[in-house]
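K.L.:
Have a look at the structure that comes next, please.
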Amino acid sequence: MITIYHLAQSQSDRVVWLMEELGLPYELEWFERGEDMLAPPEYCALHPMGTAPTIRDGDLVMAESTAIVQYIAHRYGDGRFTLAPDHPNYPDYLYWLMFNNNAQTSFLVNLAIQATGITAANENLAKTTQRRQEGLYKQLDARLGENPYLAGDEFTLCEIMAMTNLTALPAFGGRTIDDLPNAQRYIERVSQRPAYRKAMGIAGPTAPRPAP
Ligand SMILES: N[C@@H](CCC(=O)N[C@@H](CS)C(=O)NCC(=O)O)C(=O)O
């Protein structure tokens, strides 16, 4: 059975969401962040990356959620929520699967720049980060104006990868979606899914800590 090492208030809730969507059994091990808000040493010891989510499947310990969700969906979910290479929307599927890492690259660089302020040394970095982030978020909104889901007509792993960025990052200084009406409607719709609601109740940002 897969163990999800869950770091409180983190994007490891998306693995819980996927398991609930697929109806697969799992164990959840809960870790609190340290006072510095980072993963505690015992979490970092699980995998060289020291990032959440990390999962265990037998002897395999795996980090990086874009890899984890594909691993689970293909190995244990009969490929549900994925698109095959011969699907007409396969390129869209691949592209939007990467939204998480693209959005978070901009998020993290922006946080670092906000901390130091714009200087001669980082002004080009600030400029390109801003341009990339705006391009990506505006493209997402346009895409959702024409399609119910990021890969097209079907709910896929792209939703599972994108939602945290749209719902949770603004509270930490990330880009808001106030000017993106299609993204707002999308969140409203996707967050009604029973598996999403159940997963957020178990491991989402406001989920209660499990009893010790
Ligand atoms: N690209 C990685 C990003 C993982 C990541 O940055 N996770 C954050 C939690 S949202 C984390 O581990 N933070 C704690 C730390 O860096 O100490 C993924 O999708 O798994």
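Residues are referred to by chain and number: the chain letter is A, B, ... according to the order shown in the structure tokens, the number counts from 1 in that chain, and ligands are numbered separately from 1 in the order shown.
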Pick out the residues no farther than 8 Å from ligand 1, counting only C-alpha atoms and all ligand atoms, and list them as a PyMOL selection string.
P.N.:
chain A and resi 7+9-12+33+37-40+44+50-54+63-66+100-101+104
K.L.:
Just N, CA and C atoms for this one: save the residues we selected as an mmCIF file, in the first residue's frame.
P.N.:
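Result file out-v3.cif:
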```cif
data_model
loop_
_atom_site.group_PDB
_atom_site.id
_atom_site.type_symbol
_atom_site.label_atom_id
_atom_site.label_comp_id
_atom_site.auth_asym_id
_atom_site.auth_seq_id
_atom_site.Cartn_x
_atom_site.Cartn_y
_atom_site.Cartn_z
ATOM 1 N N LEU A 7 3.209 16.603 4.574
ATOM 2 C CA LEU A 7 3.679 17.771 5.327
ATOM 3 C C LEU A 7 2.498 18.720 5.457
ATOM 4 N N GLN A 9 -0.076 21.598 5.579
ATOM 5 C CA GLN A 9 -0.241 22.770 4.723
ATOM 6 C C GLN A 9 0.772 22.763 3.583
ATOM 7 N N SER A 10 0.653 21.750 2.765
ATOM 8 C CA SER A 10 1.570 21.679 1.620
ATOM 9 C C SER A 10 0.875 21.004 0.453
ATOM 10 N N GLN A 11 1.579 21.022 -0.673
ATOM 11 C CA GLN A 11 0.991 20.440 -1.875
ATOM 12 C C GLN A 11 0.972 18.911 -1.844
ATOM 13 N N SER A 12 1.375 18.304 -0.734
ATOM 14 C CA SER A 12 1.200 16.849 -0.672
ATOM 15 C C SER A 12 -0.283 16.490 -0.582
ATOM 16 N N ARG A 33 5.368 21.226 10.048
ATOM 17 C CA ARG A 33 6.511 22.053 9.656
ATOM 18 C C ARG A 33 7.262 22.506 10.917
ATOM 19 N N MET A 37 8.976 27.102 9.292
ATOM 20 C CA MET A 37 7.991 26.761 8.261
ATOM 21 C C MET A 37 8.532 25.798 7.191
ATOM 22 N N LEU A 38 9.756 25.324 7.373
ATOM 23 C CA LEU A 38 10.312 24.360 6.423
ATOM 24 C C LEU A 38 9.975 22.939 6.882
ATOM 25 N N ALA A 39 10.285 21.982 6.007
ATOM 26 C CA ALA A 39 10.091 20.577 6.380
ATOM 27 C C ALA A 39 11.056 20.238 7.516
ATOM 28 N N PRO A 40 10.596 19.489 8.517
ATOM 29 C CA PRO A 40 11.487 19.149 9.643
ATOM 30 C C PRO A 40 12.549 18.138 9.207
ATOM 31 N N CYS A 44 12.970 15.610 5.851
ATOM 32 C CA CYS A 44 14.053 15.735 4.857
ATOM 33 C C CYS A 44 14.862 14.447 4.748
ATOM 34 N N GLY A 50 14.046 16.212 -0.002
ATOM 35 C CA GLY A 50 13.489 16.824 1.211
ATOM 36 C C GLY A 50 12.288 17.696 0.925
ATOM 37 N N THR A 51 11.447 17.287 -0.023
ATOM 38 C CA THR A 51 10.272 18.096 -0.367
ATOM 39 C C THR A 51 8.994 17.263 -0.248
ATOM 40 N N ALA A 52 7.911 17.978 0.003
ATOM 41 C CA ALA A 52 6.590 17.361 0.074
ATOM 42 C C ALA A 52 5.847 17.653 -1.224
ATOM 43 N N PRO A 53 5.209 16.647 -1.815
ATOM 44 C CA PRO A 53 5.024 15.302 -1.295
ATOM 45 C C PRO A 53 6.213 14.381 -1.523
ATOM 46 N N THR A 54 6.315 13.430 -0.584
ATOM 47 C CA THR A 54 7.149 12.251 -0.764
ATOM 48 C C THR A 54 6.241 11.056 -0.464
ATOM 49 N N ALA A 63 9.875 11.394 -4.610
ATOM 50 C CA ALA A 63 9.472 12.796 -4.438
ATOM 51 C C ALA A 63 9.112 13.350 -5.818
ATOM 52 N N GLU A 64 8.702 14.606 -5.848
ATOM 53 C CA GLU A 64 8.325 15.371 -7.048
ATOM 54 C C GLU A 64 6.923 14.968 -7.507
ATOM 55 N N SER A 65 5.970 15.860 -7.223
ATOM 56 C CA SER A 65 4.577 15.467 -7.405
ATOM 57 C C SER A 65 4.188 15.268 -8.864
ATOM 58 N N THR A 66 4.835 15.950 -9.811
ATOM 59 C CA THR A 66 4.471 15.719 -11.215
ATOM 60 C C THR A 66 4.817 14.291 -11.619
ATOM 61 N N ASN A 100 2.479 23.364 -12.648
ATOM 62 C CA ASN A 100 2.900 23.468 -11.248
ATOM 63 C C ASN A 100 4.339 23.962 -11.133
ATOM 64 N N ASN A 101 5.239 23.290 -11.814
ATOM 65 C CA ASN A 101 6.646 23.674 -11.663
ATOM 66 C C ASN A 101 6.944 25.020 -12.320
ATOM 67 N N GLN A 104 5.469 27.672 -9.945
ATOM 68 C CA GLN A 104 6.212 27.793 -8.679
ATOM 69 C C GLN A 104 7.624 28.327 -8.869
#
```
K.L.:
So that I can see what lies close to range 130-135 of chain A, please list as a PyMOL selection string the residues with an atom at most 12 Å from it, counting only C-alpha atoms and leaving out residues fewer than 3 positions away in the same chain.
P.N.:
chain A and resi 99-111+113+123-127+138-143+174-177+179-180
K.L.:
Among range 1-208 of chain A, which ones does DSSP assign to alpha helix (DSSP H) (computed from the backbone)? Answer as an MDAnalysis selection string.
P.N.:
chainID A and resid 13:22 41:44 65:76 90:97 99:116 123:146 157:167 181:190 194:203
K.L.:
DSSP on the backbone, strand (DSSP E or B) only: what residues of chain A does that give? Format it as a list of chain:residue names.
P.N.:
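So, restricting chain A to strand (DSSP E or B), we get A:Ile2, A:Thr3, A:Ile4, A:Tyr5, A:His6, A:Leu7, A:Tyr26, A:Glu27, A:Leu28, A:Glu29, A:Trp30, A:Phe31, A:Thr54, A:Ile55, A:Arg56, A:Asp57, A:Leu60, A:Val61, A:Met62, A:Ala63, A:Tyr149, A:Gly152.
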K.L.:
For His74 in chain A, find every residue with an atom within 12 Å (counting only C-alpha atoms), except residues of its own chain fewer than 5 positions away, and show them as JSON, numbers by chain.
P.N.:
{"A": [18, 22, 67, 68, 69, 79, 80, 81, 82, 83, 84, 157]}
K.L.:
Please save C-alpha atoms of the selected residues as a PDB file, in the first residue's frame.
P.N.:
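Output saved as part.pdb:
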```
ATOM      1  CA  LEU A  18      -5.553  11.598  -6.502  1.00  0.00           C
ATOM      2  CA  LEU A  22      -8.917   6.657  -7.963  1.00  0.00           C
ATOM      3  CA  ALA A  67       6.251  12.364 -11.272  1.00  0.00           C
ATOM      4  CA  ILE A  68       4.298  10.881  -8.357  1.00  0.00           C
ATOM      5  CA  VAL A  69       0.842  11.484  -9.833  1.00  0.00           C
ATOM      6  CA  GLY A  79      -4.073   5.298 -16.706  1.00  0.00           C
ATOM      7  CA  ARG A  80      -7.224   7.100 -15.527  1.00  0.00           C
ATOM      8  CA  PHE A  81      -6.887  10.895 -15.635  1.00  0.00           C
ATOM      9  CA  THR A  82      -4.036  10.638 -18.164  1.00  0.00           C
ATOM     10  CA  LEU A  83      -4.130  11.087 -21.932  1.00  0.00           C
ATOM     11  CA  ALA A  84      -2.349   8.628 -24.210  1.00  0.00           C
ATOM     12  CA  LEU A 157      -3.924  15.004 -13.704  1.00  0.00           C
TER      13      LEU A 157
END
```
K.L.:
Would you please work out which residue, of A:Met49, A:Met62, A:Ile118, A:Ile72, is nearest to Tyr26 in chain A when using only C-alpha atoms?
P.N.:
A:Ile72
K.L.:
Return the single residue from A:Asp178, A:Ala8, A:Ile160, A:Leu46 that is closest to Ala195 in chain A, with distances computed using only C-alpha atoms.
P.N.:
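Closest candidate: A:Ile160.
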K.L.:
Kindly indicate which residue among A:Leu60, A:Leu24, A:Leu97, A:Ala121 lies nearest to Tyr76 in chain A, using only C-alpha atoms for the distances.
P.N.:
A:Leu24
K.L.:
Can you work out the spacing between CA of Gly201 in chain A and CA of Glu35 in chain A in Å, to one decimal?
P.N.:
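Taking CA of Gly201 in chain A as the start and CA of Glu35 in chain A as the end point, the length is 23.8 Å.
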K.L.:
Let me make sure I understand: among A:Asp78, A:Asp57, A:Leu150, A:Glu42, which one has the smallest atom-to-atom distance to Tyr90 in chain A if we use only C-alpha atoms?
P.N.:
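The answer is A:Leu150, which sits nearest to Tyr90 in chain A.
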